[in-house]
Amino acid sequence: MNNNFKSGFVALIGRPNVGKSTLMNQLIGQKIAITSKKPQTTRNKIQTVYTCDEGQIVFLDTPGIHKAKNKLGEYMVNVAEKTLKEVDVILWLVEPDTFIGAGERHIAEQLQKIDVPVILVINKTDTVKKEDVLLFIDTYRKLMDFDEIIPASALRGQNTDMVVDEIFKYLPEGPMYYDEDTITDQPMRQIVAELIREKALHALNDEIPHGIAVTIESMKKRPNGKLYDIEATIVCERDSHKGIIIGKKGAMLKKIGTNARYEIEQQLETKVNLQLWVKVRKDWRDSELLMKNYGYMEEKD
């Protein structure tokens, strides 16, 4: 390990769907955070770890900061805002635009109260004209005083190495928090549950996904070690949703299961026998007890 080894915690923030999880997966080089075009994809803080000769960055991919509509929303916003006070650097992802909406202004207000270096990443620059990028940089520069502004494309991997370089510039010298081969602190059961939820988000229409959670009922390795048996339940809020998730003759549930099994096998590097059930729990997003059961409650200090 070099003598000037740097390490620290970096919060990835931004409105829902700006590409935070895509950037995280790109930097880590492995899929940990689930991605989807639907808001509220990331619900808990997901820690992933980037280690190189220069140092170690522990990324916290927080839920999107937004105005909360229910207890789940409040929980997500609290997690995100609390994280900001506990990190060494904040990485704020935004879309390339000259219009800055109320959501972005709300985030800027939160950031101005905190004494932590903020690096702005204008993501998805592969979707706009090159000459317009300077306009977007100029627009955001007027919003607040950023330590750095980097135009990038997480999806294409453009300028993502520059993001890492800039983070190291602001990190203190410090220890290696995790072994160098650690990629995440997520328990495997949680990763499996999230992958199933991701496949359900991709397959279902817009109304349902917010109201689903996934619980792993059991996850056992067979004695020969060549196969995992996983039983999981998709929880939804209405009987009508249950019908849609199962689909005609079980076709939708089968599709979700097949897609999820493929990804889980990649993660576990072994064959998987996946069985999915669907249960209705009315208004679980407003029940503290059910949210706790599904892994969405804060630890008390």
# chains A, B, ... in the order shown; residues from 1 in each chain; ligands from 1
call {"tool": "closest_atom_pairs", "arguments": {"of": "segment 112-199 of chain A", "to": "segment 3-25 of chain A", "cutoff": "12 Å", "atoms": "only C-alpha atoms", "output": "Markdown table"}}
result
| residue | atom | partner | partner_atom | distance |
| --- | --- | --- | --- | --- |
| A:Val116 | CA | A:Val10 | CA | 10.1 |
| A:Pro117 | CA | A:Val10 | CA | 10.0 |
| A:Val118 | CA | A:Ala11 | CA | 9.6 |
| A:Ile119 | CA | A:Leu12 | CA | 9.8 |
| A:Leu120 | CA | A:Ile13 | CA | 9.8 |
| A:Val121 | CA | A:Gly14 | CA | 9.7 |
| A:Ile122 | CA | A:Val18 | CA | 9.3 |
| A:Asn123 | CA | A:Gly19 | CA | 7.2 |
| A:Lys124 | CA | A:Gly19 | CA | 8.0 |
| A:Thr125 | CA | A:Val18 | CA | 11.6 |
| A:Ala152 | CA | A:Leu23 | CA | 9.6 |
| A:Ser153 | CA | A:Leu23 | CA | 8.2 |
| A:Ala154 | CA | A:Leu23 | CA | 4.7 |
| A:Leu155 | CA | A:Thr22 | CA | 6.4 |
| A:Arg156 | CA | A:Leu23 | CA | 9.7 |
| A:Gly157 | CA | A:Leu23 | CA | 8.1 |
| A:Gln158 | CA | A:Leu23 | CA | 10.3 |
| A:Asn159 | CA | A:Leu23 | CA | 10.7 |
| A:Thr160 | CA | A:Leu23 | CA | 7.8 |
| A:Asp161 | CA | A:Leu23 | CA | 10.9 |
| A:Val163 | CA | A:Leu23 | CA | 9.9 |
| A:Val164 | CA | A:Val10 | CA | 10.6 |
| A:Asp165 | CA | A:Lys6 | CA | 11.6 |
| A:Glu166 | CA | A:Val10 | CA | 11.6 |
| A:Ile167 | CA | A:Val10 | CA | 8.1 |
| A:Phe168 | CA | A:Lys6 | CA | 7.0 |
| A:Lys169 | CA | A:Lys6 | CA | 9.1 |
| A:Tyr170 | CA | A:Lys6 | CA | 9.2 |
| A:Leu171 | CA | A:Gly8 | CA | 5.9 |
| A:Pro172 | CA | A:Lys6 | CA | 5.6 |
| A:Glu173 | CA | A:Lys6 | CA | 3.9 |
| A:Gly174 | CA | A:Ser7 | CA | 5.0 |
| A:Pro175 | CA | A:Ser7 | CA | 6.2 |
| A:Met176 | CA | A:Ser7 | CA | 6.6 |
| A:Tyr177 | CA | A:Ser7 | CA | 7.8 |
| A:Tyr178 | CA | A:Ser7 | CA | 10.2 |
| A:Ile183 | CA | A:Asn25 | CA | 10.3 |
| A:Thr184 | CA | A:Asn25 | CA | 11.0 |
| A:Glu198 | CA | A:Ser21 | CA | 11.9 |
call {"tool": "write_last_selection", "arguments": {"atoms": "N, CA, C and O atoms", "output": "short mmCIF file (atom, residue, chain, number, x, y, z; two decimals), in the first residue's frame"}}
result
data_model
loop_
_atom_site.label_atom_id
_atom_site.label_comp_id
_atom_site.auth_asym_id
_atom_site.auth_seq_id
_atom_site.Cartn_x
_atom_site.Cartn_y
_atom_site.Cartn_z
N VAL A 116 -19.13 20.36 3.00
CA VAL A 116 -18.48 19.19 2.39
C VAL A 116 -18.23 19.54 0.92
O VAL A 116 -19.08 20.18 0.29
N PRO A 117 -17.05 19.18 0.35
CA PRO A 117 -16.82 19.47 -1.07
C PRO A 117 -17.90 18.82 -1.95
O PRO A 117 -18.27 17.67 -1.73
N VAL A 118 -18.41 19.59 -2.91
CA VAL A 118 -19.44 19.07 -3.81
C VAL A 118 -18.91 19.08 -5.25
O VAL A 118 -18.50 20.13 -5.77
N ILE A 119 -18.91 17.89 -5.86
CA ILE A 119 -18.53 17.77 -7.27
C ILE A 119 -19.82 17.56 -8.06
O ILE A 119 -20.58 16.65 -7.77
N LEU A 120 -20.06 18.43 -9.03
CA LEU A 120 -21.26 18.28 -9.86
C LEU A 120 -20.91 17.47 -11.10
O LEU A 120 -19.94 17.79 -11.81
N VAL A 121 -21.67 16.42 -11.35
CA VAL A 121 -21.48 15.65 -12.59
C VAL A 121 -22.71 15.87 -13.46
O VAL A 121 -23.84 15.55 -13.06
N ILE A 122 -22.49 16.49 -14.62
CA ILE A 122 -23.60 16.64 -15.57
C ILE A 122 -23.61 15.37 -16.42
O ILE A 122 -22.76 15.18 -17.30
N ASN A 123 -24.53 14.48 -16.11
CA ASN A 123 -24.56 13.15 -16.74
C ASN A 123 -25.33 13.19 -18.07
O ASN A 123 -25.98 14.18 -18.38
N LYS A 124 -25.23 12.10 -18.82
CA LYS A 124 -25.98 11.92 -20.08
C LYS A 124 -25.58 12.94 -21.14
O LYS A 124 -26.39 13.32 -21.98
N THR A 125 -24.31 13.41 -21.11
CA THR A 125 -23.91 14.40 -22.12
C THR A 125 -23.79 13.77 -23.51
O THR A 125 -23.65 14.48 -24.49
N ALA A 152 -20.23 14.26 -18.16
CA ALA A 152 -19.90 12.83 -18.31
C ALA A 152 -21.08 12.05 -18.88
O ALA A 152 -22.20 12.56 -18.97
N SER A 153 -20.79 10.81 -19.27
CA SER A 153 -21.87 9.88 -19.62
C SER A 153 -21.58 8.56 -18.90
O SER A 153 -20.66 7.83 -19.27
N ALA A 154 -22.38 8.29 -17.86
CA ALA A 154 -22.18 7.06 -17.08
C ALA A 154 -22.44 5.84 -17.96
O ALA A 154 -21.73 4.84 -17.89
N LEU A 155 -23.46 5.96 -18.81
CA LEU A 155 -23.83 4.83 -19.66
C LEU A 155 -22.71 4.46 -20.63
O LEU A 155 -22.39 3.29 -20.83
N ARG A 156 -22.07 5.48 -21.21
CA ARG A 156 -21.00 5.23 -22.19
C ARG A 156 -19.61 5.17 -21.55
O ARG A 156 -18.62 4.96 -22.22
N GLY A 157 -19.54 5.48 -20.25
CA GLY A 157 -18.24 5.47 -19.58
C GLY A 157 -17.37 6.66 -19.96
O GLY A 157 -16.15 6.62 -19.83
N GLN A 158 -18.00 7.74 -20.44
CA GLN A 158 -17.23 8.93 -20.84
C GLN A 158 -16.93 9.80 -19.62
O GLN A 158 -17.84 10.17 -18.89
N ASN A 159 -15.63 10.09 -19.43
CA ASN A 159 -15.18 10.97 -18.33
C ASN A 159 -15.37 10.38 -16.93
O ASN A 159 -15.19 11.08 -15.94
N THR A 160 -15.70 9.09 -16.84
CA THR A 160 -15.92 8.53 -15.50
C THR A 160 -14.59 8.37 -14.75
O THR A 160 -14.57 8.48 -13.53
N ASP A 161 -13.49 8.19 -15.48
CA ASP A 161 -12.18 8.10 -14.80
C ASP A 161 -11.81 9.47 -14.21
O ASP A 161 -11.18 9.57 -13.15
N VAL A 163 -13.96 11.52 -12.97
CA VAL A 163 -14.75 11.63 -11.73
C VAL A 163 -13.95 11.04 -10.57
O VAL A 163 -13.84 11.64 -9.50
N VAL A 164 -13.35 9.88 -10.80
CA VAL A 164 -12.55 9.22 -9.76
C VAL A 164 -11.35 10.09 -9.38
O VAL A 164 -11.07 10.30 -8.19
N ASP A 165 -10.66 10.63 -10.38
CA ASP A 165 -9.49 11.48 -10.11
C ASP A 165 -9.86 12.68 -9.24
O ASP A 165 -9.14 13.03 -8.30
N GLU A 166 -10.98 13.31 -9.57
CA GLU A 166 -11.40 14.51 -8.82
C GLU A 166 -11.79 14.15 -7.38
O GLU A 166 -11.53 14.92 -6.46
N ILE A 167 -12.42 13.00 -7.22
CA ILE A 167 -12.79 12.58 -5.86
C ILE A 167 -11.53 12.43 -5.00
O ILE A 167 -11.47 12.93 -3.88
N PHE A 168 -10.52 11.76 -5.56
CA PHE A 168 -9.29 11.54 -4.79
C PHE A 168 -8.63 12.86 -4.38
O PHE A 168 -7.99 12.96 -3.34
N LYS A 169 -8.81 13.89 -5.23
CA LYS A 169 -8.25 15.20 -4.93
C LYS A 169 -8.76 15.73 -3.57
O LYS A 169 -8.05 16.42 -2.84
N TYR A 170 -10.01 15.37 -3.24
CA TYR A 170 -10.64 15.92 -2.03
C TYR A 170 -10.69 14.95 -0.86
O TYR A 170 -11.18 15.30 0.21
N LEU A 171 -10.21 13.73 -1.05
CA LEU A 171 -10.26 12.76 0.05
C LEU A 171 -9.04 12.89 0.95
O LEU A 171 -7.94 13.17 0.49
N PRO A 172 -9.23 12.68 2.25
CA PRO A 172 -8.08 12.73 3.17
C PRO A 172 -7.26 11.44 3.07
O PRO A 172 -7.74 10.43 2.56
N GLU A 173 -6.03 11.51 3.56
CA GLU A 173 -5.27 10.26 3.68
C GLU A 173 -5.94 9.42 4.75
O GLU A 173 -6.43 9.96 5.75
N GLY A 174 -5.97 8.13 4.53
CA GLY A 174 -6.68 7.31 5.50
C GLY A 174 -6.48 5.83 5.27
O GLY A 174 -5.75 5.43 4.35
N PRO A 175 -7.11 5.01 6.09
CA PRO A 175 -6.91 3.57 6.04
C PRO A 175 -7.72 2.92 4.93
O PRO A 175 -8.59 3.55 4.32
N MET A 176 -7.46 1.64 4.70
CA MET A 176 -8.30 0.87 3.81
C MET A 176 -9.45 0.33 4.67
O MET A 176 -9.23 -0.42 5.61
N TYR A 177 -10.66 0.76 4.38
CA TYR A 177 -11.80 0.36 5.22
C TYR A 177 -12.23 -1.08 4.94
O TYR A 177 -12.73 -1.78 5.81
N TYR A 178 -12.08 -1.48 3.68
CA TYR A 178 -12.51 -2.82 3.27
C TYR A 178 -11.36 -3.54 2.59
O TYR A 178 -10.48 -2.88 2.03
N ILE A 183 -16.47 -5.50 -2.92
CA ILE A 183 -17.14 -4.62 -3.86
C ILE A 183 -18.38 -3.98 -3.25
O ILE A 183 -18.80 -2.91 -3.63
N THR A 184 -18.98 -4.67 -2.29
CA THR A 184 -20.16 -4.09 -1.63
C THR A 184 -20.29 -4.66 -0.23
O THR A 184 -19.78 -5.73 0.07
N GLU A 198 -35.75 -5.27 -9.53
CA GLU A 198 -35.39 -4.58 -10.77
C GLU A 198 -36.11 -5.21 -11.96
O GLU A 198 -36.65 -4.52 -12.82
#
call {"tool": "residues_around", "arguments": {"residues": "Ile196 of chain A", "least_positions_apart": "3", "cutoff": "6 Å", "atoms": "only C-alpha atoms", "output": "ChimeraX atom specification"}}
result
/A:193,199,260
call {"tool": "write_last_selection", "arguments": {"atoms": "N, CA, C and O atoms", "output": "tab-separated table (two decimals), in the first residue's frame"}}
result
chain	number	residue	atom	x	y	z
A	193	ALA	N	-32.74	-9.84	-3.64
A	193	ALA	CA	-34.08	-9.21	-3.56
A	193	ALA	C	-34.16	-8.00	-4.50
A	193	ALA	O	-35.14	-7.81	-5.22
A	199	LYS	N	-36.11	-6.54	-12.03
A	199	LYS	CA	-36.74	-7.22	-13.17
A	199	LYS	C	-38.24	-6.98	-13.17
A	199	LYS	O	-38.86	-6.87	-14.22
A	260	ALA	N	-34.71	-12.51	-13.69
A	260	ALA	CA	-34.01	-12.35	-12.41
A	260	ALA	C	-33.04	-13.50	-12.19
A	260	ALA	O	-31.91	-13.31	-11.73
call {"tool": "closest_residue", "arguments": {"among": "A:Leu27, A:Ile150, A:Asp179, A:Arg238", "to": "Phe59 of chain A", "atoms": "only C-alpha atoms"}}
result
A:Leu27
call {"tool": "residues_around", "arguments": {"residues": "segment 272-285 of chain A", "least_positions_apart": "3", "cutoff": "9 Å", "atoms": "only C-alpha atoms", "output": "JSON, numbers by chain"}}
result
{"A": [70, 71, 72, 73, 211, 212, 226, 227, 228, 229, 230, 231, 232, 233, 234, 235, 236, 237, 238, 239, 241, 242, 245, 246, 253, 254, 256, 257, 258, 260, 261, 262, 264, 265, 268, 288, 289, 290, 291]}
call {"tool": "write_last_selection", "arguments": {"atoms": "N, CA, C and O atoms", "output": "short mmCIF file (atom, residue, chain, number, x, y, z; two decimals), in the first residue's frame"}}
result
data_model
loop_
_atom_site.label_atom_id
_atom_site.label_comp_id
_atom_site.auth_asym_id
_atom_site.auth_seq_id
_atom_site.Cartn_x
_atom_site.Cartn_y
_atom_site.Cartn_z
N ASN A 70 -45.33 9.77 1.29
CA ASN A 70 -45.79 8.78 2.27
C ASN A 70 -44.62 8.40 3.17
O ASN A 70 -43.53 8.94 3.04
N LYS A 71 -44.86 7.47 4.09
CA LYS A 71 -43.81 7.13 5.05
C LYS A 71 -42.56 6.57 4.38
O LYS A 71 -41.44 6.83 4.80
N LEU A 72 -42.75 5.78 3.32
CA LEU A 72 -41.59 5.25 2.60
C LEU A 72 -40.80 6.41 1.99
O LEU A 72 -39.57 6.46 2.08
N GLY A 73 -41.53 7.38 1.42
CA GLY A 73 -40.87 8.55 0.84
C GLY A 73 -40.10 9.33 1.90
O GLY A 73 -38.96 9.75 1.68
N GLY A 211 -45.28 0.39 -5.65
CA GLY A 211 -45.91 -0.33 -4.56
C GLY A 211 -45.45 -1.76 -4.43
O GLY A 211 -46.19 -2.58 -3.92
N ILE A 212 -44.24 -2.09 -4.91
CA ILE A 212 -43.77 -3.47 -4.69
C ILE A 212 -42.51 -3.51 -3.83
O ILE A 212 -41.68 -2.61 -3.86
N LYS A 226 -23.55 -26.83 -5.96
CA LYS A 226 -23.68 -26.43 -7.37
C LYS A 226 -24.99 -25.72 -7.68
O LYS A 226 -25.24 -25.37 -8.82
N LEU A 227 -25.83 -25.57 -6.66
CA LEU A 227 -27.13 -24.96 -6.93
C LEU A 227 -27.66 -24.25 -5.69
O LEU A 227 -27.51 -24.74 -4.57
N TYR A 228 -28.25 -23.08 -5.90
CA TYR A 228 -28.95 -22.37 -4.82
C TYR A 228 -30.45 -22.53 -5.02
O TYR A 228 -30.95 -22.35 -6.15
N ASP A 229 -31.17 -22.84 -3.97
CA ASP A 229 -32.63 -22.79 -4.01
C ASP A 229 -33.06 -21.49 -3.34
O ASP A 229 -32.74 -21.25 -2.18
N ILE A 230 -33.76 -20.66 -4.10
CA ILE A 230 -34.18 -19.36 -3.56
C ILE A 230 -35.71 -19.25 -3.68
O ILE A 230 -36.27 -19.48 -4.75
N GLU A 231 -36.34 -18.90 -2.56
CA GLU A 231 -37.78 -18.64 -2.58
C GLU A 231 -37.99 -17.19 -2.21
O GLU A 231 -37.46 -16.72 -1.21
N ALA A 232 -38.75 -16.48 -3.04
CA ALA A 232 -38.94 -15.04 -2.80
C ALA A 232 -40.40 -14.66 -3.02
O ALA A 232 -41.11 -15.29 -3.79
N THR A 233 -40.81 -13.60 -2.33
CA THR A 233 -42.18 -13.11 -2.47
C THR A 233 -42.15 -11.67 -2.97
O THR A 233 -41.41 -10.83 -2.44
N ILE A 234 -42.95 -11.41 -3.98
CA ILE A 234 -43.15 -10.02 -4.43
C ILE A 234 -44.40 -9.51 -3.71
O ILE A 234 -45.48 -10.11 -3.80
N VAL A 235 -44.24 -8.43 -2.95
CA VAL A 235 -45.35 -7.88 -2.18
C VAL A 235 -45.91 -6.69 -2.94
O VAL A 235 -45.16 -5.81 -3.37
N CYS A 236 -47.23 -6.66 -3.11
CA CYS A 236 -47.85 -5.51 -3.78
C CYS A 236 -48.99 -4.99 -2.93
O CYS A 236 -49.34 -5.58 -1.90
N GLU A 237 -49.56 -3.86 -3.35
CA GLU A 237 -50.54 -3.18 -2.48
C GLU A 237 -52.00 -3.50 -2.80
O GLU A 237 -52.88 -3.20 -2.02
N ARG A 238 -52.28 -4.07 -4.00
CA ARG A 238 -53.69 -4.30 -4.37
C ARG A 238 -53.88 -5.65 -5.03
O ARG A 238 -52.99 -6.16 -5.70
N ASP A 239 -55.09 -6.17 -4.89
CA ASP A 239 -55.42 -7.45 -5.54
C ASP A 239 -55.28 -7.34 -7.05
O ASP A 239 -54.82 -8.26 -7.72
N HIS A 241 -53.25 -5.51 -8.66
CA HIS A 241 -51.82 -5.53 -8.98
C HIS A 241 -51.32 -6.97 -9.00
O HIS A 241 -50.51 -7.35 -9.84
N LYS A 242 -51.81 -7.76 -8.03
CA LYS A 242 -51.37 -9.15 -7.96
C LYS A 242 -51.66 -9.86 -9.28
O LYS A 242 -50.81 -10.58 -9.82
N ILE A 245 -49.16 -8.74 -11.91
CA ILE A 245 -47.81 -9.27 -11.69
C ILE A 245 -47.73 -10.75 -12.08
O ILE A 245 -46.75 -11.20 -12.66
N ILE A 246 -48.81 -11.49 -11.79
CA ILE A 246 -48.82 -12.91 -12.17
C ILE A 246 -49.01 -13.05 -13.68
O ILE A 246 -48.34 -13.85 -14.33
N LEU A 253 -45.17 -13.37 -14.27
CA LEU A 253 -44.33 -13.82 -13.16
C LEU A 253 -43.18 -14.68 -13.67
O LEU A 253 -42.04 -14.60 -13.19
N LYS A 254 -43.48 -15.49 -14.68
CA LYS A 254 -42.46 -16.36 -15.25
C LYS A 254 -41.35 -15.52 -15.91
O LYS A 254 -40.16 -15.79 -15.77
N ILE A 256 -40.52 -12.38 -15.17
CA ILE A 256 -39.74 -11.72 -14.12
C ILE A 256 -38.75 -12.73 -13.53
O ILE A 256 -37.57 -12.44 -13.34
N GLY A 257 -39.25 -13.94 -13.26
CA GLY A 257 -38.41 -14.98 -12.66
C GLY A 257 -37.24 -15.39 -13.55
O GLY A 257 -36.10 -15.52 -13.08
N THR A 258 -37.52 -15.55 -14.83
CA THR A 258 -36.46 -15.96 -15.78
C THR A 258 -35.37 -14.89 -15.86
O THR A 258 -34.18 -15.18 -15.80
N ALA A 260 -34.71 -12.51 -13.69
CA ALA A 260 -34.01 -12.35 -12.41
C ALA A 260 -33.04 -13.50 -12.19
O ALA A 260 -31.91 -13.31 -11.73
N ARG A 261 -33.47 -14.70 -12.54
CA ARG A 261 -32.61 -15.87 -12.30
C ARG A 261 -31.28 -15.72 -13.05
O ARG A 261 -30.22 -16.01 -12.52
N TYR A 262 -31.36 -15.24 -14.29
CA TYR A 262 -30.15 -15.07 -15.09
C TYR A 262 -29.16 -14.14 -14.37
O TYR A 262 -27.97 -14.46 -14.23
N ILE A 264 -29.10 -13.29 -11.15
CA ILE A 264 -28.68 -13.84 -9.85
C ILE A 264 -27.58 -14.89 -10.07
O ILE A 264 -26.61 -14.96 -9.32
N GLU A 265 -27.73 -15.69 -11.14
CA GLU A 265 -26.70 -16.70 -11.44
C GLU A 265 -25.36 -16.04 -11.75
O GLU A 265 -24.30 -16.54 -11.37
N LEU A 268 -23.99 -14.97 -8.25
CA LEU A 268 -23.60 -16.07 -7.36
C LEU A 268 -22.62 -17.03 -8.03
O LEU A 268 -22.05 -17.89 -7.38
N GLU A 288 -45.37 1.41 9.28
CA GLU A 288 -43.99 1.32 9.78
C GLU A 288 -43.59 -0.13 10.02
O GLU A 288 -42.46 -0.52 9.76
N LEU A 289 -44.55 -0.93 10.51
CA LEU A 289 -44.24 -2.33 10.79
C LEU A 289 -43.85 -3.08 9.51
O LEU A 289 -42.83 -3.76 9.46
N LEU A 290 -44.68 -2.92 8.46
CA LEU A 290 -44.38 -3.64 7.21
C LEU A 290 -43.10 -3.10 6.57
O LEU A 290 -42.30 -3.86 6.04
N MET A 291 -42.91 -1.78 6.63
CA MET A 291 -41.68 -1.24 6.05
C MET A 291 -40.46 -1.81 6.75
O MET A 291 -39.46 -2.13 6.11
#
call {"tool": "atom_distance", "arguments": {"atom1": "atom CA of Leu201 of chain A", "atom2": "atom CA of Lys248 of chain A"}}
result
17.9 Å
call {"tool": "closest_residue", "arguments": {"among": "A:Ala80, A:Phe136, A:Val94, A:Thr127", "to": "Gln110 of chain A", "atoms": "only C-alpha atoms"}}
result
A:Ala80
call {"tool": "select_by_dssp", "arguments": {"residues": "segment 105-271 of chain A", "states": "strand (DSSP E or B)", "output": "ChimeraX atom specification"}}
result
/A:118-122,148-151,153,158,173,184,213-221,227-236,271
call {"tool": "write_last_selection", "arguments": {"atoms": "N, CA, C and O atoms", "output": "compact mmCIF listing (two decimals), in the first residue's frame"}}
result
# COMPACT_ATOMS: atom_id res chain seq x y z
N VAL A 118 -18.41 19.59 -2.91
CA VAL A 118 -19.44 19.07 -3.81
C VAL A 118 -18.91 19.08 -5.25
O VAL A 118 -18.50 20.13 -5.77
N ILE A 119 -18.91 17.89 -5.86
CA ILE A 119 -18.53 17.77 -7.27
C ILE A 119 -19.82 17.56 -8.06
O ILE A 119 -20.58 16.65 -7.77
N LEU A 120 -20.06 18.43 -9.03
CA LEU A 120 -21.26 18.28 -9.86
C LEU A 120 -20.91 17.47 -11.10
O LEU A 120 -19.94 17.79 -11.81
N VAL A 121 -21.67 16.42 -11.35
CA VAL A 121 -21.48 15.65 -12.59
C VAL A 121 -22.71 15.87 -13.46
O VAL A 121 -23.84 15.55 -13.06
N ILE A 122 -22.49 16.49 -14.62
CA ILE A 122 -23.60 16.64 -15.57
C ILE A 122 -23.61 15.37 -16.42
O ILE A 122 -22.76 15.18 -17.30
N GLU A 148 -16.03 21.28 -8.23
CA GLU A 148 -15.69 20.85 -9.60
C GLU A 148 -16.99 20.63 -10.37
O GLU A 148 -18.01 20.26 -9.77
N ILE A 149 -16.95 20.83 -11.69
CA ILE A 149 -18.09 20.45 -12.54
C ILE A 149 -17.54 19.57 -13.67
O ILE A 149 -16.63 19.97 -14.39
N ILE A 150 -18.10 18.37 -13.79
CA ILE A 150 -17.60 17.42 -14.80
C ILE A 150 -18.75 16.96 -15.70
O ILE A 150 -19.72 16.39 -15.22
N PRO A 151 -18.65 17.21 -17.01
CA PRO A 151 -19.64 16.63 -17.91
C PRO A 151 -19.26 15.16 -18.17
O PRO A 151 -18.08 14.85 -18.34
N SER A 153 -20.79 10.81 -19.27
CA SER A 153 -21.87 9.88 -19.62
C SER A 153 -21.58 8.56 -18.90
O SER A 153 -20.66 7.83 -19.27
N GLN A 158 -18.00 7.74 -20.44
CA GLN A 158 -17.23 8.93 -20.84
C GLN A 158 -16.93 9.80 -19.62
O GLN A 158 -17.84 10.17 -18.89
N GLU A 173 -6.03 11.51 3.56
CA GLU A 173 -5.27 10.26 3.68
C GLU A 173 -5.94 9.42 4.75
O GLU A 173 -6.43 9.96 5.75
N THR A 184 -18.98 -4.67 -2.29
CA THR A 184 -20.16 -4.09 -1.63
C THR A 184 -20.29 -4.66 -0.23
O THR A 184 -19.78 -5.73 0.07
N ALA A 213 -42.44 -4.57 -3.06
CA ALA A 213 -41.23 -4.87 -2.30
C ALA A 213 -40.95 -6.35 -2.56
O ALA A 213 -41.83 -7.08 -3.01
N VAL A 214 -39.72 -6.77 -2.32
CA VAL A 214 -39.39 -8.19 -2.50
C VAL A 214 -38.76 -8.70 -1.21
O VAL A 214 -37.86 -8.06 -0.66
N THR A 215 -39.26 -9.82 -0.72
CA THR A 215 -38.63 -10.44 0.45
C THR A 215 -38.11 -11.82 0.06
O THR A 215 -38.74 -12.52 -0.73
N ILE A 216 -36.95 -12.17 0.59
CA ILE A 216 -36.38 -13.49 0.35
C ILE A 216 -36.82 -14.39 1.51
O ILE A 216 -36.47 -14.14 2.66
N GLU A 217 -37.63 -15.39 1.20
CA GLU A 217 -38.14 -16.29 2.25
C GLU A 217 -37.06 -17.28 2.65
O GLU A 217 -36.87 -17.60 3.81
N SER A 218 -36.36 -17.83 1.65
CA SER A 218 -35.25 -18.73 2.00
C SER A 218 -34.24 -18.74 0.86
O SER A 218 -34.58 -18.51 -0.31
N MET A 219 -32.98 -18.96 1.22
CA MET A 219 -31.90 -18.99 0.24
C MET A 219 -30.90 -20.02 0.73
O MET A 219 -30.19 -19.79 1.70
N LYS A 220 -30.92 -21.19 0.11
CA LYS A 220 -30.07 -22.28 0.60
C LYS A 220 -29.23 -22.86 -0.51
O LYS A 220 -29.69 -23.04 -1.64
N LYS A 221 -27.98 -23.15 -0.15
CA LYS A 221 -27.09 -23.80 -1.11
C LYS A 221 -27.26 -25.31 -0.94
O LYS A 221 -27.31 -25.80 0.19
N LEU A 227 -25.83 -25.57 -6.66
CA LEU A 227 -27.13 -24.96 -6.93
C LEU A 227 -27.66 -24.25 -5.69
O LEU A 227 -27.51 -24.74 -4.57
N TYR A 228 -28.25 -23.08 -5.90
CA TYR A 228 -28.95 -22.37 -4.82
C TYR A 228 -30.45 -22.53 -5.02
O TYR A 228 -30.95 -22.35 -6.15
N ASP A 229 -31.17 -22.84 -3.97
CA ASP A 229 -32.63 -22.79 -4.01
C ASP A 229 -33.06 -21.49 -3.34
O ASP A 229 -32.74 -21.25 -2.18
N ILE A 230 -33.76 -20.66 -4.10
CA ILE A 230 -34.18 -19.36 -3.56
C ILE A 230 -35.71 -19.25 -3.68
O ILE A 230 -36.27 -19.48 -4.75
N GLU A 231 -36.34 -18.90 -2.56
CA GLU A 231 -37.78 -18.64 -2.58
C GLU A 231 -37.99 -17.19 -2.21
O GLU A 231 -37.46 -16.72 -1.21
N ALA A 232 -38.75 -16.48 -3.04
CA ALA A 232 -38.94 -15.04 -2.80
C ALA A 232 -40.40 -14.66 -3.02
O ALA A 232 -41.11 -15.29 -3.79
N THR A 233 -40.81 -13.60 -2.33
CA THR A 233 -42.18 -13.11 -2.47
C THR A 233 -42.15 -11.67 -2.97
O THR A 233 -41.41 -10.83 -2.44
N ILE A 234 -42.95 -11.41 -3.98
CA ILE A 234 -43.15 -10.02 -4.43
C ILE A 234 -44.40 -9.51 -3.71
O ILE A 234 -45.48 -10.11 -3.80
N VAL A 235 -44.24 -8.43 -2.95
CA VAL A 235 -45.35 -7.88 -2.18
C VAL A 235 -45.91 -6.69 -2.94
O VAL A 235 -45.16 -5.81 -3.37
N CYS A 236 -47.23 -6.66 -3.11
CA CYS A 236 -47.85 -5.51 -3.78
C CYS A 236 -48.99 -4.99 -2.93
O CYS A 236 -49.34 -5.58 -1.90
N LYS A 271 -25.64 -22.10 -10.54
CA LYS A 271 -27.02 -22.28 -11.00
C LYS A 271 -27.99 -21.94 -9.87
O LYS A 271 -27.69 -22.12 -8.69
call {"tool": "residues_around", "arguments": {"residues": "Lys85 of chain A", "least_positions_apart": "3", "cutoff": "8 Å", "atoms": "only C-alpha atoms", "output": "PyMOL selection string"}}
result
chain A and resi 81-82+114+116
call {"tool": "write_last_selection", "arguments": {"atoms": "N, CA, C and O atoms", "output": "short mmCIF file (atom, residue, chain, number, x, y, z; two decimals), in the first residue's frame"}}
result
data_model
loop_
_atom_site.label_atom_id
_atom_site.label_comp_id
_atom_site.auth_asym_id
_atom_site.auth_seq_id
_atom_site.Cartn_x
_atom_site.Cartn_y
_atom_site.Cartn_z
N GLU A 81 -30.62 12.64 3.24
CA GLU A 81 -30.14 13.90 3.82
C GLU A 81 -29.19 13.65 5.00
O GLU A 81 -28.26 14.42 5.23
N LYS A 82 -29.44 12.56 5.73
CA LYS A 82 -28.56 12.23 6.85
C LYS A 82 -27.17 11.81 6.33
O LYS A 82 -26.13 12.16 6.90
N ILE A 114 -24.25 22.49 4.22
CA ILE A 114 -23.29 21.46 4.63
C ILE A 114 -21.88 21.83 4.18
O ILE A 114 -21.68 22.27 3.05
N VAL A 116 -19.13 20.36 3.00
CA VAL A 116 -18.48 19.19 2.39
C VAL A 116 -18.23 19.54 0.92
O VAL A 116 -19.08 20.18 0.29
#
